[in-house]
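Undergrad: Quick one: the structure is below, questions incoming.
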Protein chains: 2
Amino acid sequence: MTSSTQRPDPPYRRIAAEFRTRILAGDLRPGDRVPSIRQIAQRWGVAVATATKVVAVLRDEGLVEAKVGAGTVVSARASRKERPAGQAVPPAARQAGVPKGSLNRRHVLRTAIAIADAEGLGAVSMRRLAAELGTGPMSLYRHVTGKDELVTQMADEVFGEAELPVPGPEGWRAKLELVARRQWELSRRHLWLPRAVSFTRPLLVPNMMAHTEWTLRALDGLGLPVETRIREALTLPALVHTVALSVAEEAEAEQETGVTLDGWRLLQRRRADELLSTGRFPLLAALPGETVSDLDGMFDHILARHLDGFAVMLGER
Amino acid sequence: MTSSTQRPDPPYRRIAAEFRTRILAGDLRPGDRVPSIRQIAQRWGVAVATATKVVAVLRDEGLVEAKVGAGTVVSARASRKERPAGQAVPPAARQAGVPKGSLNRRHVLRTAIAIADAEGLGAVSMRRLAAELGTGPMSLYRHVTGKDELVTQMADEVFGEAELPVPGPEGWRAKLELVARRQWELSRRHLWLPRAVSFTRPLLVPNMMAHTEWTLRALDGLGLPVETRIREALTLPALVHTVALSVAEEAEAEQETGVTLDGWRLLQRRRADELLSTGRFPLLAALPGETVSDLDGMFDHILARHLDGFAVMLGER
DNA sequence: TGACATTTGATACGTCGTACGCATACATGC
DNA sequence: GCATGTATGCGTACGACGTATCAAATGTCA
């Protein structure tokens with residue numbers, strides 16, 4: 001570089017330097033918007049091509065990231081002066097990984113999941129989700145074709161949390177119990193899950209298909225006809241599904257009554273009590289209330305009975 | 001308070017507040033007559049119905065007591081502000097008069113059921129239902145407090161179709177199988193049923209409670225602890241529920257594709273095929289398609305396994 | 001410099017459930 | 001008979017929803 005003489009830097013370099021110092025000083029933080037090309041052009045009184053060069057310089061230095069249509073943004077890990085200024089990164093590195101939409105899509109999904117976890121699936125409206133992400137509702141449709149797909153993909157995302165060991169434990173019973181309990185844990189962690197997808201139609205939810213596939217493998221070699229294997233593989237998630245649905249409803253009811261004791265819920269309770277005291281349902285009325293809502297126990301019961309029955313079918317009893 | 005938005009309180013609320021402050025201030029003392037409904041109507045220039053609401057609000061708050069023919073009077077212990085204003089206590093379970101309402105209510109329910117049977121629960125909107133009955137949407141609210149109740153009562157109505165024999169067949173297994181199959185038939189006849197109610201929360205659906213009661217009786221005398229009896233009584237409908245849900249989804253999917261082959265569904269199919277051909281799910285991909293959708297067979301499987309398992313628990317195997 | 005493909009967000013449309021207010025008819029007590 | 005509170009039927013309108021449409025703004029490239 002022979003620019004050591006008094007020859008002044010060209011304008012585009014001067015402006016770029018200006019931004020560079022602001023970024024490195026932390027004045028512009030990662031994620032902040034950098035003025036658009038046309039704004040730079042106007043503000044500094046230069047042509048658009050010049051402003052373009054400014055941004056190009058910064059981008060080649062890895063300080064900013066530009067997306068067409070969206071704008072230019074200070075890139076992460078930019079403030080740490082890890083690379084001597086002026087040392088350009090190979091331009092190929094700027095679009096290395098996935099098409100970048102993938103990351104935003106995950107962000108959308110995780111945010112939606114967070115809302116659903118905290119306030120139930122009903123709270124996940126497109127507007128609400130958009131607000132949470134700081135954008136307009138319509139922007140979501142860039143990452144998701146519609147609400148149906150959003151919900152399905154939320155389910156897929158959380159199903160990805162539950163990994164199944166590759167050989168798995170010994171014996172069909174341990175395997176079946178394992179997969180059922182994994183899904184049960186999932187449903188307890190994400191109460192909206194049974195509302196989001198039907199467990200007996202795993203298509204389109206790849207991570208759910210993986211569970212089905214794993215289960216089918218567990219059923220292989222037991223000498224069962226194919227229809228039985230299918231049914232069994234679909235039965236297990238179905239069992240989880242119903243009980244999980246009840247858990248979800250219980251939670252919702254509780255949440256609502258926690259907020260407002262008004263009208264509907266309270267009225268429900270009153271009516272239920274009235275019905276119970278009519279004497280038409282003596283056994284039902286005599287039940288202790290706590291047991292009804294012990295849904296973990298309920299799940300254990302339903303799963304154990306089923307596996308026992310399956311063992312009978314295999315002739316093991 | 002309710003001043004969150006700038007939207008002014010509706011007239012009836014404003015007027016009620018006016019009286020409330022006068023009562024609480026002691027301006028109107030216990031035993032004093034409150035202006036009659038028609039007087040209020042005239043004095044404030046509103047309709048009698050509106051004035052009626054004013055009095056209703058005050059009465060629900062326990063501030064006044066109304067007697068037909070006699071008039072409305074400030075109730076005793078009203079001046080002590082013992083209850084946060086606006087917090088109504090007795091919504092007063094409105095027991096609809098039998099004579100006329102009963103028949104019309106059934107008509108509403110049966111019409112709603114007919115729509116749901118033919119086009120799915122999603123087609124049952126208040127407007128649609130009203131149109132079918134030849135009235136305005138708001139007329140429905142004379143017979144039903146809201147959509148939630150409508151749906152619940154629809155379920156109750158159809159559960160009334162399934163009668164259970166009073167002594168029932170001999171032996172626990174025949175009894176349990178009977179009640180499960182009755183519910184299964186119900187769900188096949190009314191595909192929307194599993195969507196309408198949770199089978200594990202029979203409260204508020206008297207005809208469903210009857211099933212639970214019947215099941216509990218079938219489980220009596222087997223020497224089982226009470227928790228087990230409860231769980232079992234709730235398990236049977238739960239089993240029906242999941243499989244029925246799948247049936248419903250299948251039917252909906254089929255119906256939609258029957259109408260329009262466009263976009264979403266077709267796209268789903270394509271994606272599913274793509275996923276299957278990735279080789280990640282060899283066992284799944286090798287399955288014959290017909291068996292997957294044999295949901296009657298699925299139900300038989302799940303029920304038989306469960307009952308076998310229950311027999312094991314009873315030590316009968 | 002201008003044409004381009006993208007991305008965005010504001011506006012708006014058609015649904016939904018239902019709150020509100022009105023008019024009218026009815027039942028009850030003085 | 002008369003005034004009272006109540007019940008019924010219904011038209012209007014509000015706010016929330018999912019999403020179609022489209023102009024404006026963006027970085028890029030000829």
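Chains: A, B, ... in order of the structure tokens. Residues: from 1 per chain. Ligands: from 1, in order shown.
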Show me a table, sorted first by chain and then by increasing residue number, of the residues of chain B having an atom at most 8 Å from chain C, each with its shortest atom pair and the distance in Å to one decimal, counting only C-alpha atoms (C1' of nucleotides) and written as JSON lines.
TA:
{"residue": "B:Pro10", "atom": "CA", "partner": "C:DC20", "partner_atom": "C1'", "distance": 7.7}
{"residue": "B:Ala47", "atom": "CA", "partner": "C:DC22", "partner_atom": "C1'", "distance": 6.0}
{"residue": "B:Ala49", "atom": "CA", "partner": "C:DC22", "partner_atom": "C1'", "distance": 7.1}
{"residue": "B:Thr50", "atom": "CA", "partner": "C:DG21", "partner_atom": "C1'", "distance": 6.4}
{"residue": "B:Val68", "atom": "CA", "partner": "C:DT28", "partner_atom": "C1'", "distance": 5.8}
{"residue": "B:Gly69", "atom": "CA", "partner": "C:DG29", "partner_atom": "C1'", "distance": 4.3}
{"residue": "B:Ala70", "atom": "CA", "partner": "C:DG29", "partner_atom": "C1'", "distance": 6.0}
{"residue": "B:Ser125", "atom": "CA", "partner": "C:DC16", "partner_atom": "C1'", "distance": 7.7}
{"residue": "B:Met126", "atom": "CA", "partner": "C:DG17", "partner_atom": "C1'", "distance": 7.7}
{"residue": "B:Gly146", "atom": "CA", "partner": "C:DT18", "partner_atom": "C1'", "distance": 7.9}
{"residue": "B:Lys147", "atom": "CA", "partner": "C:DG17", "partner_atom": "C1'", "distance": 7.5}
Undergrad: Any chance you can output those residues with all heavy atoms as a PDB file, in the first residue's frame?
TA:
ATOM      1  N   PRO B  10     -70.078   1.496  29.061  1.00  0.00           N
ATOM      2  CA  PRO B  10     -71.412   1.531  28.451  1.00  0.00           C
ATOM      3  C   PRO B  10     -72.401   2.165  29.417  1.00  0.00           C
ATOM      4  O   PRO B  10     -72.189   2.145  30.635  1.00  0.00           O
ATOM      5  CB  PRO B  10     -71.728   0.059  28.202  1.00  0.00           C
ATOM      6  CG  PRO B  10     -70.810  -0.689  29.089  1.00  0.00           C
ATOM      7  CD  PRO B  10     -69.584   0.141  29.216  1.00  0.00           C
ATOM      8  N   ALA B  47     -83.650   2.564  27.123  1.00  0.00           N
ATOM      9  CA  ALA B  47     -84.731   1.581  27.017  1.00  0.00           C
ATOM     10  C   ALA B  47     -84.882   0.827  28.333  1.00  0.00           C
ATOM     11  O   ALA B  47     -83.975   0.804  29.159  1.00  0.00           O
ATOM     12  CB  ALA B  47     -84.440   0.593  25.891  1.00  0.00           C
ATOM     13  N   ALA B  49     -84.879  -2.285  28.828  1.00  0.00           N
ATOM     14  CA  ALA B  49     -83.917  -3.381  28.944  1.00  0.00           C
ATOM     15  C   ALA B  49     -82.617  -2.885  29.547  1.00  0.00           C
ATOM     16  O   ALA B  49     -81.980  -3.560  30.352  1.00  0.00           O
ATOM     17  CB  ALA B  49     -83.672  -4.002  27.585  1.00  0.00           C
ATOM     18  N   THR B  50     -82.225  -1.691  29.127  1.00  0.00           N
ATOM     19  CA  THR B  50     -80.986  -1.128  29.660  1.00  0.00           C
ATOM     20  C   THR B  50     -81.131  -0.836  31.144  1.00  0.00           C
ATOM     21  O   THR B  50     -80.265  -1.177  31.951  1.00  0.00           O
ATOM     22  CB  THR B  50     -80.629   0.157  28.903  1.00  0.00           C
ATOM     23  OG1 THR B  50     -80.652  -0.126  27.511  1.00  0.00           O
ATOM     24  CG2 THR B  50     -79.270   0.646  29.300  1.00  0.00           C
ATOM     25  N   VAL B  68     -90.587  -8.474  42.262  1.00  0.00           N
ATOM     26  CA  VAL B  68     -91.532  -8.120  41.201  1.00  0.00           C
ATOM     27  C   VAL B  68     -92.810  -7.565  41.831  1.00  0.00           C
ATOM     28  O   VAL B  68     -93.264  -8.038  42.864  1.00  0.00           O
ATOM     29  CB  VAL B  68     -91.888  -9.336  40.333  1.00  0.00           C
ATOM     30  CG1 VAL B  68     -90.670  -9.863  39.648  1.00  0.00           C
ATOM     31  CG2 VAL B  68     -92.537 -10.411  41.171  1.00  0.00           C
ATOM     32  N   GLY B  69     -93.344  -6.598  41.176  1.00  0.00           N
ATOM     33  CA  GLY B  69     -94.582  -6.012  41.657  1.00  0.00           C
ATOM     34  C   GLY B  69     -94.367  -5.024  42.776  1.00  0.00           C
ATOM     35  O   GLY B  69     -95.145  -4.077  42.924  1.00  0.00           O
ATOM     36  N   ALA B  70     -93.295  -5.247  43.557  1.00  0.00           N
ATOM     37  CA  ALA B  70     -93.086  -4.393  44.718  1.00  0.00           C
ATOM     38  C   ALA B  70     -92.126  -3.249  44.430  1.00  0.00           C
ATOM     39  O   ALA B  70     -92.406  -2.093  44.744  1.00  0.00           O
ATOM     40  CB  ALA B  70     -92.560  -5.220  45.884  1.00  0.00           C
ATOM     41  N   SER B 125     -70.545 -22.442  13.447  1.00  0.00           N
ATOM     42  CA  SER B 125     -70.350 -21.109  14.014  1.00  0.00           C
ATOM     43  C   SER B 125     -71.714 -20.592  14.441  1.00  0.00           C
ATOM     44  O   SER B 125     -72.747 -21.061  13.980  1.00  0.00           O
ATOM     45  CB  SER B 125     -69.730 -20.170  12.985  1.00  0.00           C
ATOM     46  OG  SER B 125     -70.680 -19.814  12.001  1.00  0.00           O
ATOM     47  N   MET B 126     -71.694 -19.645  15.321  1.00  0.00           N
ATOM     48  CA  MET B 126     -72.960 -19.137  15.829  1.00  0.00           C
ATOM     49  C   MET B 126     -73.795 -18.561  14.681  1.00  0.00           C
ATOM     50  O   MET B 126     -75.011 -18.741  14.630  1.00  0.00           O
ATOM     51  CB  MET B 126     -72.695 -18.067  16.878  1.00  0.00           C
ATOM     52  CG  MET B 126     -71.959 -18.583  18.099  1.00  0.00           C
ATOM     53  SD  MET B 126     -72.734 -19.966  18.905  1.00  0.00           S
ATOM     54  CE  MET B 126     -73.713 -19.163  20.164  1.00  0.00           C
ATOM     55  N   GLY B 146     -73.142 -19.478  25.660  1.00  0.00           N
ATOM     56  CA  GLY B 146     -72.030 -19.141  24.788  1.00  0.00           C
ATOM     57  C   GLY B 146     -71.658 -20.344  23.971  1.00  0.00           C
ATOM     58  O   GLY B 146     -72.268 -21.409  24.077  1.00  0.00           O
ATOM     59  N   LYS B 147     -70.650 -20.187  23.174  1.00  0.00           N
ATOM     60  CA  LYS B 147     -70.300 -21.289  22.297  1.00  0.00           C
ATOM     61  C   LYS B 147     -69.745 -22.478  23.071  1.00  0.00           C
ATOM     62  O   LYS B 147     -70.027 -23.633  22.745  1.00  0.00           O
ATOM     63  CB  LYS B 147     -69.277 -20.841  21.266  1.00  0.00           C
ATOM     64  CG  LYS B 147     -68.851 -21.984  20.382  1.00  0.00           C
ATOM     65  CD  LYS B 147     -68.636 -21.605  18.966  1.00  0.00           C
ATOM     66  CE  LYS B 147     -68.630 -22.839  18.105  1.00  0.00           C
ATOM     67  NZ  LYS B 147     -67.780 -22.686  16.918  1.00  0.00           N
TER      68      LYS B 147
END
Undergrad: Could you please tell me, as a PyMOL selection string, which residues of chain D have an atom within 12 Å of chain A when using only C-alpha atoms (C1' of nucleotides)?
TA: chain D and resi 16-21+24-29
Undergrad: Once you count only C-alpha atoms, which residues of chain B turn out to be within 8 Å of chain A? Could you give them as a ChimeraX atom specification?
TA: /B:88,91,93,198,200-201,203-204,206,209-210,212-213,216-217,226-228,230-232,235,238-239,241-243,245-246,268,271-272,275,281-284,287,291-292,298,301-302,304-310,312-313,317
Undergrad: DSSP says helix (DSSP H, G or I) for which residues of range 36-267 of chain A? Put them as a ChimeraX atom specification?
TA: /A:37-44,48-60,91-95,101-119,121-123,126-133,137-142,147-159,172-189,193-196,206-219,226-259,263-267
Undergrad: Could you jot down the CA of Trp184 in chain A to CA of Leu219 in chain A separation for me, Å, one decimal place?
TA: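 The value is 19.7 Å.
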Undergrad: Identify, on the basis of only C-alpha atoms (C1' of nucleotides), every residue whose closest approach to Val57 in chain B does not exceed 9 Å; exclude the query and any residue fewer than 3 positions from it along the same chain; express the result as a tab-separated table (two decimals) with N, CA, C and O atoms, in the first residue's frame.
TA:
chain	number	residue	atom	x	y	z
B	12	TYR	N	-75.24	1.44	30.73
B	12	TYR	CA	-75.82	0.74	31.88
B	12	TYR	C	-74.82	0.66	33.02
B	12	TYR	O	-75.16	0.71	34.19
B	13	ARG	N	-73.55	0.60	32.66
B	13	ARG	CA	-72.52	0.53	33.68
B	13	ARG	C	-72.35	1.90	34.36
B	13	ARG	O	-72.16	1.99	35.56
B	16	ALA	N	-75.24	2.45	36.67
B	16	ALA	CA	-75.09	1.59	37.84
B	16	ALA	C	-74.06	2.18	38.80
B	16	ALA	O	-74.27	2.21	40.01
B	52	THR	N	-83.08	-2.27	33.10
B	52	THR	CA	-83.11	-3.58	33.75
B	52	THR	C	-81.70	-4.04	34.08
B	52	THR	O	-81.41	-4.55	35.16
B	53	LYS	N	-80.80	-3.81	33.11
B	53	LYS	CA	-79.42	-4.25	33.33
B	53	LYS	C	-78.78	-3.49	34.49
B	53	LYS	O	-78.01	-4.04	35.26
B	54	VAL	N	-79.11	-2.22	34.58
B	54	VAL	CA	-78.58	-1.42	35.69
B	54	VAL	C	-78.94	-2.10	37.01
B	54	VAL	O	-78.08	-2.37	37.86
B	60	ASP	N	-76.61	-8.12	41.48
B	60	ASP	CA	-75.55	-9.12	41.52
B	60	ASP	C	-74.44	-8.72	42.48
B	60	ASP	O	-73.73	-9.57	43.01
B	61	GLU	N	-74.31	-7.42	42.68
B	61	GLU	CA	-73.30	-6.97	43.63
B	61	GLU	C	-73.82	-7.03	45.07
B	61	GLU	O	-73.10	-6.72	46.01
B	62	GLY	N	-75.09	-7.36	45.20
B	62	GLY	CA	-75.66	-7.46	46.54
B	62	GLY	C	-76.04	-6.12	47.13
B	62	GLY	O	-76.27	-6.00	48.33
B	63	LEU	N	-76.10	-5.10	46.30
B	63	LEU	CA	-76.39	-3.77	46.81
B	63	LEU	C	-77.88	-3.52	46.95
B	63	LEU	O	-78.31	-2.75	47.82
B	86	GLY	N	-67.87	-4.05	41.60
B	86	GLY	CA	-67.65	-4.62	40.28
B	86	GLY	C	-67.42	-6.11	40.35
B	86	GLY	O	-67.52	-6.81	39.35
B	88	ALA	N	-68.87	-9.18	40.98
B	88	ALA	CA	-70.17	-9.80	41.19
B	88	ALA	C	-70.00	-11.15	41.84
B	88	ALA	O	-69.05	-11.87	41.55
Undergrad: Do you have the CA of Val74 in chain B-CA of Pro11 in chain B distance handy?
TA: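 Calculated distance between CA of Val74 in chain B and CA of Pro11 in chain B is 20.9 Å.
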